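Note: the block below is run-v5.txt and it holds compact mmCIF, C-alpha atoms.
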```
# COMPACT_ATOMS: atom_id res chain seq x y z
CA MET A 251 18.22 18.34 -41.97
CA THR A 252 17.74 19.37 -38.34
CA ASP A 253 19.62 19.33 -35.04
CA ARG A 254 22.23 16.76 -35.87
CA ASP A 255 24.42 18.30 -33.22
CA SER A 256 22.06 17.48 -30.34
CA PRO A 257 21.52 13.72 -30.36
CA VAL A 258 18.20 12.34 -29.16
CA THR A 259 18.33 10.37 -25.93
CA THR A 260 16.35 7.28 -25.03
CA ASP A 261 14.53 9.31 -22.39
CA GLU A 262 13.43 11.69 -25.10
CA LEU A 263 12.11 8.80 -27.16
CA HIS A 264 9.99 7.68 -24.22
CA ALA A 265 8.82 11.22 -23.61
CA TYR A 266 7.95 11.53 -27.29
CA VAL A 267 5.74 8.43 -27.16
CA ASP A 268 4.17 9.58 -23.89
CA GLY A 269 3.43 13.06 -25.18
CA MET A 270 5.75 14.61 -22.64
CA LEU A 271 8.44 15.92 -24.90
CA PRO A 272 8.93 19.69 -24.88
CA ALA A 273 7.48 21.08 -28.09
CA ASP A 274 10.80 22.50 -29.22
CA ARG A 275 12.32 19.02 -29.36
CA THR A 276 9.60 17.33 -31.37
CA GLY A 277 11.11 18.31 -34.70
CA ALA A 278 14.53 17.05 -33.66
CA VAL A 279 13.14 13.71 -32.48
CA GLU A 280 11.11 13.18 -35.62
CA ALA A 281 14.08 14.00 -37.79
CA TRP A 282 16.18 11.58 -35.74
CA LEU A 283 13.63 8.80 -36.15
CA ALA A 284 13.53 9.32 -39.89
CA ILE A 285 17.17 8.34 -40.16
CA HIS A 286 17.44 5.86 -37.24
CA PRO A 287 15.24 2.90 -38.10
CA GLU A 288 16.09 0.96 -34.94
CA ASP A 289 14.85 3.77 -32.75
CA ALA A 290 11.83 4.19 -35.00
CA ALA A 291 11.07 0.50 -34.50
CA ARG A 292 11.31 0.86 -30.73
CA VAL A 293 8.98 3.83 -30.80
CA ALA A 294 6.54 1.83 -32.91
CA GLU A 295 6.65 -1.06 -30.42
CA TRP A 296 5.99 1.23 -27.50
CA ARG A 297 3.05 2.74 -29.34
CA ALA A 298 1.72 -0.73 -30.07
CA LEU A 299 1.97 -1.50 -26.37
CA SER A 300 0.05 1.66 -25.51
CA ASP A 301 -2.62 0.74 -28.02
CA ALA A 302 -2.85 -2.77 -26.62
CA LEU A 303 -3.29 -1.46 -23.09
CA HIS A 304 -6.01 0.94 -24.15
CA GLN A 305 -7.68 -1.73 -26.21
CA ARG A 306 -7.70 -4.16 -23.32
CA TYR A 307 -8.64 -1.83 -20.46
CA GLY A 308 -9.99 1.36 -21.99
CA SER A 309 -13.59 0.19 -22.13
CA ILE A 310 -13.71 -0.30 -18.35
CA ALA A 311 -13.72 3.44 -17.89
CA ASP A 312 -16.71 3.68 -20.22
CA GLU A 313 -18.83 1.28 -18.20
CA PRO A 314 -21.58 2.82 -16.10
CA VAL A 315 -20.34 3.31 -12.55
CA PRO A 316 -21.81 0.56 -10.35
CA ALA A 317 -24.20 1.61 -7.63
CA ARG A 318 -21.80 0.48 -4.91
CA PHE A 319 -19.66 3.54 -5.65
CA ASP A 320 -22.37 6.02 -4.73
CA LEU A 321 -20.34 8.54 -2.74
CA ALA A 322 -23.19 9.73 -0.57
CA LYS A 323 -23.83 6.18 0.50
CA LEU A 324 -20.15 5.43 1.07
CA ALA A 325 -19.79 8.59 3.14
CA ARG A 326 -22.79 7.68 5.27
CA SER A 327 -21.23 4.32 5.99
CA ARG A 328 -18.38 6.13 7.69
CA PRO A 329 -18.00 4.43 11.02
CA PRO A 330 -17.96 6.77 14.01
CA TRP A 331 -14.92 5.09 15.46
CA ARG A 332 -12.75 6.79 12.89
CA ALA A 333 -13.37 10.14 14.43
CA ILE A 334 -12.63 8.80 17.84
CA ALA A 335 -9.45 7.12 16.76
CA ALA A 336 -8.31 10.27 15.04
CA ALA A 337 -7.68 12.09 18.27
CA ALA A 338 -6.78 9.02 20.14
CA LEU A 339 -3.85 7.77 22.02
CA LEU A 340 -2.43 4.97 20.06
CA ALA A 341 0.27 2.61 21.30
CA ALA A 342 0.39 -0.72 22.91
CA VAL A 343 1.91 -0.11 26.26
CA ILE A 344 1.89 -1.77 29.59
CA GLY A 345 1.12 0.07 32.71
CA GLY A 346 0.11 -0.78 36.22
CA ALA A 347 1.38 -4.26 35.68
CA ALA A 348 3.00 -4.56 39.07
CA GLY A 349 1.79 -8.08 39.46
CA TRP A 350 3.53 -9.13 36.33
CA ILE A 351 6.72 -7.21 36.92
CA GLY A 352 7.19 -9.31 40.01
CA ARG A 353 7.38 -12.42 37.95
CA ALA A 354 10.89 -12.18 36.60
CA ALA A 355 11.72 -14.36 33.65
CA SER A 356 13.47 -17.49 34.73
CA THR A 357 15.18 -18.82 31.63
CA PRO A 358 15.62 -16.30 28.85
CA ALA A 359 15.57 -18.18 25.56
CA PRO A 360 18.21 -16.78 23.23
CA SER A 361 16.02 -16.78 20.16
CA SER A 362 12.72 -15.74 21.65
CA GLY A 363 13.11 -12.24 20.24
CA GLU A 364 13.54 -13.62 16.77
CA ILE A 365 10.59 -15.95 17.15
CA ILE A 366 8.29 -13.22 18.31
CA THR A 367 9.49 -10.87 15.56
CA ALA A 368 8.94 -13.53 12.92
CA ASP A 369 5.45 -14.16 14.24
CA ALA A 370 4.71 -10.47 14.25
CA LEU A 371 5.98 -9.98 10.71
CA SER A 372 3.87 -12.90 9.49
CA ALA A 373 0.79 -11.43 11.08
CA HIS A 374 1.68 -7.98 9.74
CA LYS A 375 2.04 -9.25 6.17
CA LEU A 376 -1.14 -11.24 6.38
CA TYR A 377 -3.40 -8.58 7.81
CA ILE A 378 -2.16 -5.38 6.21
CA ALA A 379 -3.31 -6.90 2.93
CA GLU A 380 -6.88 -7.28 4.08
CA VAL A 381 -8.93 -4.67 2.30
CA ARG A 382 -12.21 -5.26 4.09
CA HIS A 383 -11.33 -6.95 7.37
CA PRO A 384 -7.85 -5.93 8.48
CA ILE A 385 -8.93 -6.06 12.11
CA GLU A 386 -11.25 -8.03 14.30
CA VAL A 387 -12.44 -5.36 16.72
CA LYS A 388 -12.53 -1.68 15.89
CA ALA A 389 -10.74 0.97 17.89
CA ALA A 390 -13.96 2.53 19.16
CA GLU A 391 -15.32 -0.61 20.70
CA LYS A 392 -14.77 -0.27 24.38
CA HIS A 393 -14.00 -3.88 24.94
CA LEU A 394 -11.04 -3.91 22.51
CA ILE A 395 -8.31 -3.08 24.98
CA PRO A 396 -9.73 -4.80 28.09
CA TRP A 397 -10.33 -7.91 26.06
CA LEU A 398 -6.86 -8.06 24.49
CA SER A 399 -5.24 -7.08 27.79
CA LYS A 400 -6.95 -9.97 29.48
CA ARG A 401 -5.95 -12.44 26.81
CA VAL A 402 -2.32 -11.30 26.60
CA GLY A 403 -2.12 -11.16 30.37
CA THR A 404 -1.15 -7.57 31.02
CA THR A 405 -2.65 -4.10 30.85
CA LEU A 406 -2.24 -2.89 27.31
CA ARG A 407 -2.35 0.78 26.43
CA ILE A 408 -2.33 2.48 23.11
CA PRO A 409 0.30 5.01 22.01
CA ASP A 410 -0.54 8.16 20.11
CA LEU A 411 1.01 8.02 16.65
CA ASN A 412 -0.88 11.01 15.28
CA GLU A 413 2.35 12.89 14.74
CA TYR A 414 3.08 10.30 12.04
CA SER A 415 -0.46 10.63 10.64
CA LEU A 416 -1.20 7.12 11.84
CA GLN A 417 -4.62 6.31 13.18
CA LEU A 418 -5.56 3.23 15.11
CA LEU A 419 -7.94 1.01 13.18
CA GLY A 420 -8.36 -1.62 15.87
CA GLY A 421 -6.94 -4.94 16.84
CA ARG A 422 -7.17 -8.67 16.80
CA LEU A 423 -6.23 -11.69 18.84
CA LEU A 424 -3.61 -14.13 17.52
CA PRO A 425 -1.77 -17.19 18.72
CA GLY A 426 1.68 -16.09 19.92
CA PRO A 427 4.84 -18.10 20.61
CA ILE A 428 4.05 -18.77 24.27
CA GLY A 429 0.52 -17.47 24.62
CA PRO A 430 -2.08 -15.22 23.07
CA ALA A 431 -0.86 -12.16 21.18
CA ALA A 432 -2.55 -8.86 20.36
CA LEU A 433 -2.10 -7.12 17.03
CA PHE A 434 -3.02 -3.44 16.71
CA MET A 435 -3.18 -1.88 13.29
CA TYR A 436 -2.59 1.74 12.33
CA GLU A 437 -3.15 3.40 9.03
CA SER A 438 -2.04 6.57 7.30
CA PRO A 439 -4.37 8.66 5.13
CA SER A 440 -2.74 7.21 2.03
CA GLY A 441 -3.35 3.64 3.14
CA GLU A 442 0.04 2.67 4.53
CA ARG A 443 -0.32 0.32 7.44
CA PHE A 444 1.74 -0.26 10.55
CA THR A 445 1.12 -2.82 13.25
CA ILE A 446 2.09 -3.23 16.88
CA TYR A 447 2.24 -6.78 18.10
CA CYS A 448 2.28 -7.63 21.81
CA SER A 449 2.78 -11.01 23.36
CA ARG A 450 4.23 -12.61 26.45
CA SER A 451 7.97 -13.10 26.22
CA LYS A 452 10.31 -15.39 28.09
CA LYS A 453 12.67 -12.47 28.47
CA MET A 454 12.27 -9.85 31.12
CA ARG A 455 13.67 -6.96 29.08
CA MET A 456 15.41 -6.38 25.81
CA ALA A 457 16.50 -3.16 24.11
CA LEU A 458 15.12 -2.03 20.76
CA ARG A 459 16.26 -4.09 17.82
CA TYR A 460 15.74 -3.62 14.13
CA GLN A 461 15.02 -6.39 11.66
CA SER A 462 14.41 -6.00 7.95
CA GLY A 463 12.37 -8.57 6.10
CA GLY A 464 12.45 -7.38 2.54
CA GLU A 465 9.92 -4.64 1.88
CA ILE A 466 8.81 -4.56 5.47
CA ALA A 467 10.74 -4.26 8.68
CA ALA A 468 10.23 -4.47 12.41
CA MET A 469 11.45 -2.88 15.61
CA HIS A 470 11.32 -5.22 18.57
CA TRP A 471 11.75 -4.79 22.28
CA VAL A 472 10.78 -6.49 25.50
CA GLU A 473 9.61 -4.78 28.64
CA SER A 474 8.42 -6.54 31.77
CA GLU A 475 8.01 -9.88 30.04
CA ILE A 476 5.96 -8.49 27.21
CA GLY A 477 7.47 -8.42 23.76
CA TYR A 478 6.50 -5.60 21.39
CA VAL A 479 7.06 -5.55 17.66
CA VAL A 480 6.35 -2.46 15.56
CA SER A 481 6.18 -3.43 11.87
CA GLY A 482 5.80 -1.32 8.76
CA PRO A 483 7.35 -0.42 5.41
CA ASP A 484 11.12 -0.84 5.40
CA ASP A 485 12.13 2.72 6.14
CA ARG A 486 14.48 2.38 9.05
CA GLY A 487 14.55 5.99 10.10
CA ARG A 488 10.81 6.36 10.13
CA LEU A 489 10.15 3.03 11.78
CA ALA A 490 12.71 3.77 14.47
CA LYS A 491 11.04 7.08 15.26
CA ILE A 492 7.63 5.47 15.49
CA ALA A 493 8.92 2.67 17.69
CA GLN A 494 10.75 5.17 19.85
CA THR A 495 7.58 7.19 20.34
CA ALA A 496 5.64 4.08 21.26
CA TYR A 497 8.40 2.96 23.59
CA GLU A 498 8.67 6.33 25.33
CA GLN A 499 4.95 6.46 25.89
CA MET A 500 5.17 3.04 27.39
CA GLU A 501 7.91 4.14 29.76
CA ASN A 502 6.12 7.35 30.67
CA PRO A 503 2.43 6.67 30.48
CA PRO A 504 0.29 9.78 30.91
CA ALA A 505 -0.60 10.07 34.57
CA ARG A 506 -4.19 10.97 33.96
CA GLY A 507 -5.71 8.24 36.00
CA ALA A 508 -7.89 6.86 33.29
CA GLN A 509 -6.94 3.34 32.51
CA PHE A 510 -7.78 3.65 28.83
CA PRO A 511 -7.41 7.34 28.09
CA LEU A 512 -8.37 7.01 24.47
CA ILE A 513 -11.75 5.53 25.08
CA SER A 514 -12.74 7.12 28.33
CA ARG A 515 -11.74 10.65 27.48
CA ARG A 516 -13.78 10.68 24.33
CA LYS A 517 -16.81 8.86 25.56
CA GLY A 518 -16.75 9.79 29.21
CA SER A 519 -18.47 13.12 29.05
CA MET B 1160 -14.40 21.79 -0.27
CA SER B 1161 -17.31 21.92 -2.70
CA GLY B 1162 -15.14 20.60 -5.48
CA PHE B 1163 -13.87 17.63 -3.56
CA ARG B 1164 -16.69 15.15 -4.01
CA PRO B 1165 -17.33 15.93 -7.67
CA SER B 1166 -13.61 15.49 -8.28
CA VAL B 1167 -13.65 12.12 -6.53
CA GLU B 1168 -16.74 11.07 -8.41
CA ALA B 1169 -15.27 12.05 -11.74
CA ALA B 1170 -12.23 9.88 -11.05
CA ILE B 1171 -14.13 6.65 -10.41
CA PRO B 1172 -14.20 5.30 -13.99
CA ALA B 1173 -10.46 5.82 -14.39
CA LEU B 1174 -9.76 4.30 -10.98
CA ARG B 1175 -11.71 1.19 -11.98
CA ARG B 1176 -9.71 0.92 -15.18
CA TYR B 1177 -6.40 1.31 -13.33
CA ALA B 1178 -7.38 -1.16 -10.62
CA ARG B 1179 -8.45 -3.74 -13.18
CA ALA B 1180 -5.17 -3.45 -15.05
CA LEU B 1181 -3.27 -3.76 -11.77
CA THR B 1182 -5.11 -6.83 -10.52
CA HIS B 1183 -6.74 -8.58 -13.50
CA ASP B 1184 -9.60 -9.43 -11.21
CA ALA B 1185 -12.81 -7.45 -11.62
CA GLU B 1186 -14.11 -8.10 -8.14
CA LEU B 1187 -10.84 -7.42 -6.39
CA ALA B 1188 -10.34 -4.31 -8.51
CA ASP B 1189 -13.70 -2.88 -7.47
CA ASP B 1190 -13.01 -3.75 -3.85
CA LEU B 1191 -9.80 -1.73 -4.10
CA VAL B 1192 -11.65 1.17 -5.67
CA GLN B 1193 -14.34 1.12 -3.01
CA ASP B 1194 -11.77 1.03 -0.24
CA THR B 1195 -9.91 3.90 -1.90
CA LEU B 1196 -13.09 5.97 -2.05
CA VAL B 1197 -14.04 5.28 1.54
CA ARG B 1198 -10.58 6.30 2.70
CA ALA B 1199 -10.64 9.43 0.59
CA LEU B 1200 -14.01 10.47 2.00
CA ARG B 1201 -12.89 9.83 5.54
CA SER B 1202 -9.70 11.78 5.06
CA GLU B 1203 -11.31 14.67 3.25
CA HIS B 1204 -10.39 16.99 6.11
CA LEU B 1205 -6.73 16.08 5.60
CA PHE B 1206 -6.79 17.06 1.98
CA HIS B 1207 -5.35 20.54 1.61
CA GLY B 1208 -5.81 21.28 -2.03
CA GLY B 1209 -3.83 19.74 -4.80
CA ASP B 1210 -4.89 17.17 -7.32
CA VAL B 1211 -7.61 14.88 -5.98
CA ARG B 1212 -7.08 12.42 -8.79
CA SER B 1213 -3.38 11.94 -8.01
CA TRP B 1214 -4.22 11.47 -4.37
CA LEU B 1215 -6.75 8.76 -5.21
CA TYR B 1216 -4.21 6.99 -7.41
CA THR B 1217 -1.76 7.15 -4.52
CA ILE B 1218 -4.19 5.53 -2.11
CA LEU B 1219 -5.12 2.80 -4.55
CA THR B 1220 -1.48 2.10 -5.39
CA ASN B 1221 -0.62 1.74 -1.70
CA LEU B 1222 -3.57 -0.52 -1.02
CA ASN B 1223 -2.58 -2.77 -3.85
CA ARG B 1224 1.01 -2.87 -2.69
CA ASN B 1225 -0.18 -4.00 0.73
CA ARG B 1226 -2.07 -6.77 -1.00
CA LEU B 1227 0.94 -7.86 -3.06
CA ARG B 1228 3.19 -7.98 -0.02
CA SER B 1229 0.90 -10.57 1.41
CA LEU B 1230 0.80 -12.61 -1.78
CA ALA B 1231 4.58 -12.55 -1.98
CA ARG B 1232 4.85 -14.78 1.05
CA ARG B 1233 2.43 -17.30 -0.43
CA PRO B 1234 3.87 -18.03 -3.87
CA THR B 1235 1.70 -21.10 -4.39
CA HIS B 1236 -1.31 -18.84 -4.45
CA THR B 1237 -0.26 -17.09 -7.62
CA SER B 1238 0.87 -20.23 -9.40
CA ILE B 1239 -2.43 -21.94 -8.80
CA GLU B 1240 -4.22 -18.94 -10.20
CA ASP B 1241 -2.07 -18.99 -13.29
CA ASN B 1242 -2.98 -22.57 -14.02
CA ASP B 1243 -6.60 -22.54 -13.09
CA ALA B 1244 -7.89 -19.12 -13.94
CA PRO B 1245 -10.46 -19.40 -16.70
CA ASP B 1246 -9.93 -17.11 -19.63
CA THR B 1247 -12.74 -14.75 -18.82
CA ALA B 1248 -10.74 -11.56 -18.66
CA GLY B 1249 -9.97 -10.82 -22.27
CA PRO B 1250 -12.10 -11.76 -25.23
CA GLU B 1251 -9.20 -11.77 -27.63
CA ALA B 1252 -5.81 -13.41 -27.40
CA GLY B 1253 -4.08 -10.04 -27.39
CA GLY B 1254 -5.86 -9.09 -24.20
CA ARG B 1255 -4.65 -12.23 -22.51
CA ASP B 1256 -1.11 -11.59 -23.70
CA ILE B 1257 -1.03 -8.09 -22.36
CA GLU B 1258 -2.33 -9.29 -19.01
CA ARG B 1259 0.39 -11.88 -18.71
CA ALA B 1260 3.02 -9.43 -19.84
CA LEU B 1261 1.88 -6.94 -17.19
CA ALA B 1262 1.90 -9.68 -14.59
CA SER B 1263 5.54 -10.39 -15.43
CA LEU B 1264 6.57 -6.90 -14.27
CA VAL B 1265 7.62 -5.96 -10.78
CA ASP B 1266 5.00 -3.83 -9.12
CA ASP B 1267 6.82 -0.49 -9.25
CA GLN B 1268 7.36 -0.84 -12.98
CA ARG B 1269 3.79 -1.94 -13.61
CA VAL B 1270 2.47 1.03 -11.65
CA ALA B 1271 4.68 3.49 -13.54
CA LEU B 1272 3.73 2.04 -16.91
CA LEU B 1273 0.00 1.98 -16.23
CA LEU B 1274 -0.14 5.45 -14.71
CA VAL B 1275 1.72 6.99 -17.62
CA VAL B 1276 0.42 5.00 -20.56
CA LEU B 1277 -3.08 3.96 -19.53
CA GLU B 1278 -4.00 6.77 -17.16
CA GLY B 1279 -2.14 9.53 -18.97
CA LEU B 1280 -0.49 11.04 -15.92
CA THR B 1281 2.63 13.14 -16.28
CA TYR B 1282 6.02 11.86 -15.18
CA ARG B 1283 5.92 14.40 -12.39
CA GLU B 1284 2.56 13.20 -11.12
CA VAL B 1285 3.72 9.60 -11.16
CA ALA B 1286 6.90 10.58 -9.32
CA GLU B 1287 4.77 12.09 -6.55
CA ILE B 1288 2.48 9.07 -6.40
CA GLN B 1289 5.40 6.67 -6.17
CA GLY B 1290 7.42 8.96 -3.92
CA VAL B 1291 10.52 8.85 -6.11
CA PRO B 1292 12.42 11.27 -8.38
CA ILE B 1293 11.25 11.71 -11.97
CA GLY B 1294 14.39 9.96 -13.20
CA THR B 1295 13.36 6.86 -11.29
CA VAL B 1296 9.93 6.91 -12.90
CA MET B 1297 11.52 7.13 -16.32
CA SER B 1298 13.86 4.24 -15.66
CA ARG B 1299 10.95 2.15 -14.34
CA LEU B 1300 9.02 2.96 -17.46
CA ALA B 1301 11.95 2.07 -19.69
CA ARG B 1302 12.55 -1.21 -17.87
CA ALA B 1303 8.87 -2.05 -18.04
CA ARG B 1304 8.86 -1.56 -21.80
CA ILE B 1305 11.97 -3.68 -22.24
CA GLN B 1306 10.58 -6.42 -20.03
CA ILE B 1307 7.27 -6.50 -21.85
CA LYS B 1308 8.99 -6.69 -25.20
CA THR B 1309 11.18 -9.52 -23.95
CA TYR B 1310 8.15 -11.33 -22.60
CA LEU B 1311 6.11 -10.93 -25.75
CA ASP B 1312 8.99 -11.80 -28.06
CA GLY B 1313 9.60 -14.97 -26.12
CA ALA B 1314 6.36 -16.40 -24.91
CA ARG B 1315 3.61 -14.59 -26.73
CA PRO B 1316 4.56 -13.20 -30.10
CA SER B 1317 0.95 -12.67 -31.11
CA LEU B 1318 0.76 -9.17 -29.70
CA ARG B 1319 2.71 -8.03 -32.70
CA ARG B 1320 -0.53 -8.13 -34.59
CA VAL B 1321 -1.89 -5.29 -32.56
CA LYS B 1322 -1.15 -2.00 -34.19
```
The structure in this file should be written as structure tokens.
Amino acid sequence: MTDRDSPVTTDELHAYVDGMLPADRTGAVEAWLAIHPEDAARVAEWRALSDALHQRYGSIADEPVPARFDLAKLARSRPPWRAIAAAALLAAVIGGAAGWIGRAASTPAPSSGEIITADALSAHKLYIAEVRHPIEVKAAEKHLIPWLSKRVGTTLRIPDLNEYSLQLLGGRLLPGPIGPAALFMYESPSGERFTIYCSRSKKMRMALRYQSGGEIAAMHWVESEIGYVVSGPDDRGRLAKIAQTAYEQMENPPARGAQFPLISRRKGS
Amino acid sequence: MSGFRPSVEAAIPALRRYARALTHDAELADDLVQDTLVRALRSEHLFHGGDVRSWLYTILTNLNRNRLRSLARRPTHTSIEDNDAPDTAGPEAGGRDIERALASLVDDQRVALLLVVLEGLTYREVAEIQGVPIGTVMSRLARARIQIKTYLDGARPSLRRVK
């Protein structure tokens, strides 16, 4: 009959059903199916599945598009803070915290790093899933950083993660292990979300540590009694780079005088 | 840039279909679509050519994955839904079966199956959306089909009626 010398693979059977088989193999596959009833049955099942999916969901695409999807309206609703955040400095960093540096930790608890990381990962998982309200206060609202700084008990700053295409959405206040915690959320253009969690720590200082929690992972460190946890998708190399950038900006804050460079530089003049 | 908005607009019906099949929840599905559109409009300046439709599917897929990650840590949430959800989604038994069969897949396989079979994307497009090689898409697709067959053969044989 036809190409008996080039057997048909399972991949080709899938491609045949999905209309992705090169034209010059169609004849060979059809000839194969004619003499291999088990494969023909599989192909028939896959086609039945395709039909069932189209039957169940196909009509949704024929519905009139609801008014809520009017693009002009959605575009107008674009909040101005996005533009501000786009060029913004974005990392949670302490600076000018001389008063706090003086207060050395007395009794470092061995597991405090794990506790804070677990808290941060819980908050990360919970809030990255929020479609409408991932944050409490938007990045453009001037009180965001002063407010969270005051509650956490240090001067928080925001690292610039633009080189990773991450924009600051904003932040929220959370209960932390030994006091209030701040959670800042960043987002990539494709919707991936990272968070930076900051809370008082019983430790004075701890080097960067990595912890994987399934699909997500965290980088944790402590500086001057404040624990930081950067959480995101479990891609160790990428997460480490992002955490390193945030950490370096914390160690070397831009000496521009402005306490909150992101906000003041954009709005100041 | 003139083609950007019309391209986005033209994709909305298909995005709604994909989101509904992913979530089985009309309201949640439309929330995902709306969020996808808002993000796309905001990031228009970051879009340097290419296929707008694939990009929209990518955003929606990521948003839904974020949502699932959160559900994964609250397993009781899904089990309650399974028991209590009224059968409003599909008028016929086959529709209900296919929903449950889809729900039995892991997310990556469900995404691959729906994008190829329901949305008609090429293997290459799906590979880009999922950020994996084409071979991985094909194995996800194959595993999805095996899993659905196993599910339907075991729990819900009635789909066989559908031709």
Find the residues in chain B near chain A: any atom within 7 Å counts, using all atoms listed in the file. Write them as a ChimeraX atom specification. /B:1172-1173,1175-1176,1180,1193-1194,1197,1200-1202,1217-1218,1221-1222,1225-1226,1228-1229,1254,1276-1277,1304,1321-1322
Quick one: pull the distance between atom CA of A:Ala493 and atom CA of A:Leu458, Å, one decimal.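 Separating atom CA of A:Ala493 from atom CA of A:Leu458 is a distance of 8.4 Å.
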For stretch 1268-1271 of chain B: contacts at 10 Å, only C-alpha atoms, fewer than 4 positions along chain excluded, given as a ChimeraX atom specification: /B:1177,1180-1181,1216,1220,1224,1260-1264,1275-1278,1280,1282,1285-1286,1288-1289,1295-1304,1306
Find the distance between atom CA of A:Arg422 and atom CA of A:Phe434 and write it in Å to one decimal. 6.7 Å
Residues within 12 Å of A:Ala368, please, as an MDAnalysis selection string. Count all atoms listed in the file; anything in the same chain fewer than 2 positions from it doesn't count. chainID A and resid 361:366 370:375 426:427 447 461:463 466:470 478:481
Once you add 3 Å to each side, what are the centre and edge lengths of the axis-aligned box holding all listed atoms of stretch 1213-1219 of chain B? One decimal in Å, as lines of an AutoDock Vina configuration file, if you can.
```
center_x = -4.3
center_y = 7.4
center_z = -5.1
size_x = 11.0
size_y = 15.1
size_z = 11.9
```
Could you work out how far atom CA of B:Asn1223 lies from atom CA of B:Leu1273, giving the answer in Å with one decimal? 13.5 Å
Considering all atoms listed in the file, state which residue in the set B:Leu1272, B:Glu1284, B:Leu1187, B:Ile1293 is at the smallest distance from B:Asp1210.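 Closest to B:Asp1210, using all atoms listed in the file: B:Glu1284.
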